[in-house]
Amino acid sequence: MPDPGAPLKRIRSKGGFPMNDIHDTVVRRDAAAKIAGRATYVGDLPIAGVLHARTVRSTIAKGEILSIAVPPLPQDCFVVGAADVPGENAVRIIFKDMPVFADGEVRYIGEPILLVCGPDRAVVFDLAARVVVRYREDVPVFANVVAGARYAYSKGDPEKAFAEAVRTVRESFSTGYQEQAYIEPQGMVGYPEDGGKVTLVGSMQCPYYVKNAVVGVLGCAEDRVRVIQAETGGAFGGKEEFPSLTGAQVAVAVRKTGRPVSLLYERTEDVETTTKRHPSTIELTAALDCDDRVVGLMATVAIDAGAYLGLSGVVLSRALIAATGAYTVPHLRVEGTAYLTNTVPTGAFRGFGAPQMFFAVEMFMGHLAARAGVDPIAYRRRHLARRGDLTSTSGLYRDPILVDGMIDRVLERSDYRRKVREFKKGDAWRGIGLSVFFHGCGFTGSGEADHIKARVRLDKDSAGTVTIRIASVDMGQGAATALSKIVAAVLGRPLETVVFPHPDTDLAPDSGPTVASRTTMIVGGLLARAALRLKEEWTEGSAQSVEERYVQPEGIVWDEERFLGDAYPAYSWGVVAVEVEVDRRTFQVDLKGVWSCYDAGTAIDPLLAEGQADGGLTQGIAYGYLERMEVKDGRVRQKNLTDYMIPTAVDVCPADTVFIENPYAFGPFGAKGLGELTLVGGAPAVAAAIEHAIGRKISSIPATPESIMELIEHGTR
Amino acid sequence: MARVEFNLNHRDVVYDGDASRRLLDVLRIDFGLVGTKEGCGEGECGACSVLIDHALYNSCMVPVANAHGRRIVTIEGFRESERYRVIEASFLSEGAVQCGFCTPGMVLAAEALLSNDPHPTAAAVADALSGNLCRCTGYRMIVRAVLRASKDGEGLW
Amino acid sequence: MNKAIPGSRREALELLAIGGGPVVAGGTDLMVKRRRWAGVSPAIAEGAVYVANLSELSRIRVDAGLVEIGATATLSQLLVHPLVPALLKAAIRVTASPGIRNAATLAGNLANASPAADPALALACLDAVVRLESASGVRTVPVVGFSTGPGKTVLRPDELITAILVPSDDGATVRFEKVGGRKADAIAKVAFAGFVKVDDGVVTRFSVAFGAVGPTVVRDAKIEESATGLSLEELKRQLPRIRETYGVAIRPIDDQRSTADYRRTVALNLLSDFIGSL
């Protein structure tokens, strides 16, 4: 039996069908149903006797609820609120955090107070509109003054480094909100079962997060809550923790009414009231030596958590860990705060703190290079992290880092050097910019070992069909296909004999949430080990089950208190170049081309990987120049897809994407994390390109035409 | 109240009811055709796309009264055709599907385009899809799939 | 007769005369504005009159030198029709999305009276005229002045827009530019429509209209008149004065889409670019 802690060898499946090599692209397993309109999303479920639920929300940013006047309720209509919560009126995200229903106080415009439920939607709509809530309004806090979480760490001797610096340079950067804008809005449905059990079906990333939250809210035994993931129409982190809230609300409503309840969000309420990317302000100060090398760095990070902390502490952690970007800086002091404000709570979004930090670091490096009179690429290379270096948190880069070669590749494919020369001539505002970045794969530090403790199971029936039992979901990224490939390849069996049903907490163990770019690397790794064991113990004609538990790779040690050690077991790397032209009359940005190179260990399926690259890059670039959300006086100003603009098919440009091989010993077939990496580099690359085009420094994103116009008139060269 | 008579997925049907109801709701609720999705309810995302007399419409903005005398095809009606099979094959081979929520709309947008322009350029494809939002793919692989369908389906459009 | 869905123009007018309404054409604005909730009918009155399928009102023809565009002709139909003026097509091309253009009409665009409307801007620049009919008669109203403010028009409750009459733009240099938040499917932050006719090097007609920079379309009759009779070189020399005058005439605002400053700067840049290109 293979040693669970030992690195996986590269395994080739037996020749012939369905694939000679796991890397051969296969037809994605769920695609045919989706193309035909046969895939069933939560809003498509036909439910007899369902009660439709509509949320009544706070119209003020901060205050106390004085009274709630509910109109007379017709037969079969119900109002569900804080008083109906059987257990605790608190949704556990990391700790017990936001209430299921506001009780007495409200902290943001849009905060849920009640559900109005009934069999007829027109009646429910009318009833909800007639609920009258009276408040005593308080003065809301919108500035970053109330700290919700704070972390700090150091490396080396920053005091000494700054004291001895030849020169210090300080700059401030800011990033805005970003809305996930999955095309399928949030939705959750609940059914009553015998014995007070509640089954929840919804659009989600983490069935066990929902289950655990609901158990606390219902105050019931674990086996009284069942959560099943429905086909999920995009998530990007927006359905990581938020479904715990809607799940809790629906569960309470099901308990109260004894009926099935359906809560399907409208787009406007989704945009206005669900979690989105944290806005940030980041101040970086560099201590430079006589060669203009960054020998010390101080970083102060502020992120806006909104009204409740939720995952903000973890987002902050990831941002702080990325404080030195793809570079090695010997002396550091890094500190950050997540502030509570009376605005919509912010939360998980692909990248999870890294996009904010990498924007700041990459722009800073570009500006430092310019100050030093050095080519920005050469300047970056001087500082690039190398194998054997200490990470920002004094862990170790154990694995090969191939970024130098990746930079060469992107420079070549984008024709970078020639363009830099050429764009100097002529009247047109053309620019090309490059970014270098990484993403730490998996949960920070000891999260996997201490908190998640992932378990996976393979169930084989007597006919030889193997069912994957995990909590990880396919939300579009292709997990169902990639993980099935891994299991089939290790077993040496046809892909069709491996089945991946929608995760169901009654049937599958908790393999952890579908987040943090851990699904292929960690969960896939566990499935590969399980498959190896199943293969060795395989008995033809009988049903068997094999379970595997997570074991932390040797030597990965993290000190949560001091923020010290190996923050991640593995790192994926990326380089992106973006070319733009800026219209001199309208200041609009036209994307001309994108070239990128990624190291995610290995791509389990090239087509799935390309899909992740294309989608992530499009989101990341748009974060840099297009997507804009303002919250003014606690109110989201761009609250539908008309005003919050994401790219259309006409906005994107040709893209050239390359994945290089750098197999990771502890990942299945060498794979590391990929889901978030491809978003991280987009914004700094497009911002650098715009800087190049307009000859002004950018320190804030999104770099909209309005802000570009301001920079042309008043900005620094 | 209105009596609206139209052809839905190759069958003549009659609707008696509120003339202002969204065609999207009539399709999903009255006819159980849930392949057409609601992504925004304001004509922005195109997930509710249907074909009316071969042209692409956002059914969330069409009052059912406007369906009177028209031929409406949803993804359920289109998926039995040979053209669909070519589009399906190319979407599969080009990796054009991730979460799938925009996909039925994209398929119908492709059909509407190819019916009008059997050999479109990439720019024309992007233009034809400009009212169908996708958040997962970045569009390039969808555009490639439509171009491939136009090539592989030579003679069908 | 199917009360909601009249079979002819006459039937529609009769319905309006007895208190029916509103008139619903493609529905692309109204169905969104009146939306209540998924699965619930929009808040459109029971007496609404649905005219989208009235083929009688969708014809396009030339009459007395004017292109007569039927009220229910869709934007997509106009895009491919040979008689439709180039400036109007240019505006339609950048309006909304393919799915919306297949349903939307000029009549609806005018009746909705959004300050950011694109086809309405081109119609204003071309000095188009709207034909309004009721059971008691017919009248025509210039497009400039049809809208009196955001969402407000001179349309009476018993009136039906039956046609828009558009002078041809043959022989003129025209340009339509829309600046939206992204390259497609966007509402204008600022839009520009320009029309110049030159005979023997002399300007015989000059018309410039700005959209989304005021409660209604912005045109300035004085500037347009003063430009007539000038040579192109003289017109270009007058650019600073022309810019300054329009700079005062336009009244852009800050909103969720853009800023007043940006709109003003870009509007005048588009104007300069147009005149500079002549």
# chains A, B, ... in the order shown; residues from 1 in each chain; ligands from 1
call {"tool": "interface_residues", "arguments": {"of": "chain B", "to": "chain C", "cutoff": "10 Å", "atoms": "only C-alpha atoms", "output": "ChimeraX atom specification"}}
result
/B:1-4,18-22,24-26,28-29,38,40-46,49-52,55-70,109,112-113,126-133
call {"tool": "interface_residues", "arguments": {"of": "chain A", "to": "chain C", "cutoff": "8 Å", "atoms": "only C-alpha atoms", "output": "list in words"}}
result
Arg121, Ala122, Phe125, Glu266, Arg585, Thr586, Leu626, Glu630, Arg637, Gln638, Thr642, Asp643, Met645, Pro647, Thr648, Val650, Asp651, Glu706 and Met709 of chain A
call {"tool": "interface_residues", "arguments": {"of": "chain B", "to": "chain A", "cutoff": "9 Å", "atoms": "only C-alpha atoms", "output": "ChimeraX atom specification"}}
result
/B:28,32,34-45,47,75-76,78-79,84,88-89,91-104,106-107,123,125-141,143
call {"tool": "residues_around", "arguments": {"residues": "Gly151 in chain C", "least_positions_apart": "5", "cutoff": "12 Å", "atoms": "only C-alpha atoms", "output": "VMD selection string"}}
result
chain C and resid 29 to 30 33 108 to 117 146 215 to 216
call {"tool": "write_last_selection", "arguments": {"atoms": "C-alpha atoms", "output": "compact mmCIF listing (two decimals), in the first residue's frame"}}
result
# COMPACT_ATOMS: atom_id res chain seq x y z
CA ASP C 29 -38.19 49.62 -22.46
CA LEU C 30 -41.63 49.21 -20.95
CA LYS C 33 -39.41 49.72 -16.47
CA GLY C 108 -40.81 53.10 -28.75
CA ASN C 109 -37.42 54.78 -28.58
CA LEU C 110 -39.03 58.21 -29.03
CA ALA C 111 -41.92 57.54 -26.66
CA ASN C 112 -39.58 56.29 -23.95
CA ALA C 113 -37.75 59.63 -24.12
CA SER C 114 -34.49 58.62 -22.52
CA PRO C 115 -31.90 61.38 -22.80
CA ALA C 116 -29.40 58.68 -23.77
CA ALA C 117 -31.43 57.26 -26.65
CA PHE C 146 -41.12 65.69 -29.07
CA PRO C 215 -32.61 66.27 -20.23
CA THR C 216 -33.25 66.20 -23.96
call {"tool": "residues_around", "arguments": {"residues": "Val203 in chain C", "least_positions_apart": "4", "cutoff": "8 Å", "atoms": "only C-alpha atoms", "output": "list of chain:residue names"}}
result
C:Val196, C:Lys197, C:Val198, C:Asp199, C:Ala227, C:Thr228, C:Gly229, C:Leu230, C:Ser231, C:Leu232
call {"tool": "write_last_selection", "arguments": {"atoms": "C-alpha atoms", "output": "mmCIF file, in the first residue's frame"}}
result
data_model
loop_
_atom_site.group_PDB
_atom_site.id
_atom_site.type_symbol
_atom_site.label_atom_id
_atom_site.label_comp_id
_atom_site.auth_asym_id
_atom_site.auth_seq_id
_atom_site.Cartn_x
_atom_site.Cartn_y
_atom_site.Cartn_z
ATOM 1 C CA VAL C 196 -22.894 68.573 -42.878
ATOM 2 C CA LYS C 197 -23.896 69.248 -46.457
ATOM 3 C CA VAL C 198 -21.377 71.076 -48.606
ATOM 4 C CA ASP C 199 -22.002 72.402 -52.121
ATOM 5 C CA ALA C 227 -22.302 77.803 -39.951
ATOM 6 C CA THR C 228 -24.416 77.881 -43.081
ATOM 7 C CA GLY C 229 -22.763 79.804 -45.859
ATOM 8 C CA LEU C 230 -19.257 79.380 -44.500
ATOM 9 C CA SER C 231 -16.478 77.655 -46.338
ATOM 10 C CA LEU C 232 -15.067 74.557 -44.699
#
call {"tool": "closest_residue", "arguments": {"among": "C:Val218, C:Val67, C:Leu126, C:Leu87", "to": "Phe176 in chain C", "atoms": "only C-alpha atoms"}}
result
C:Leu87
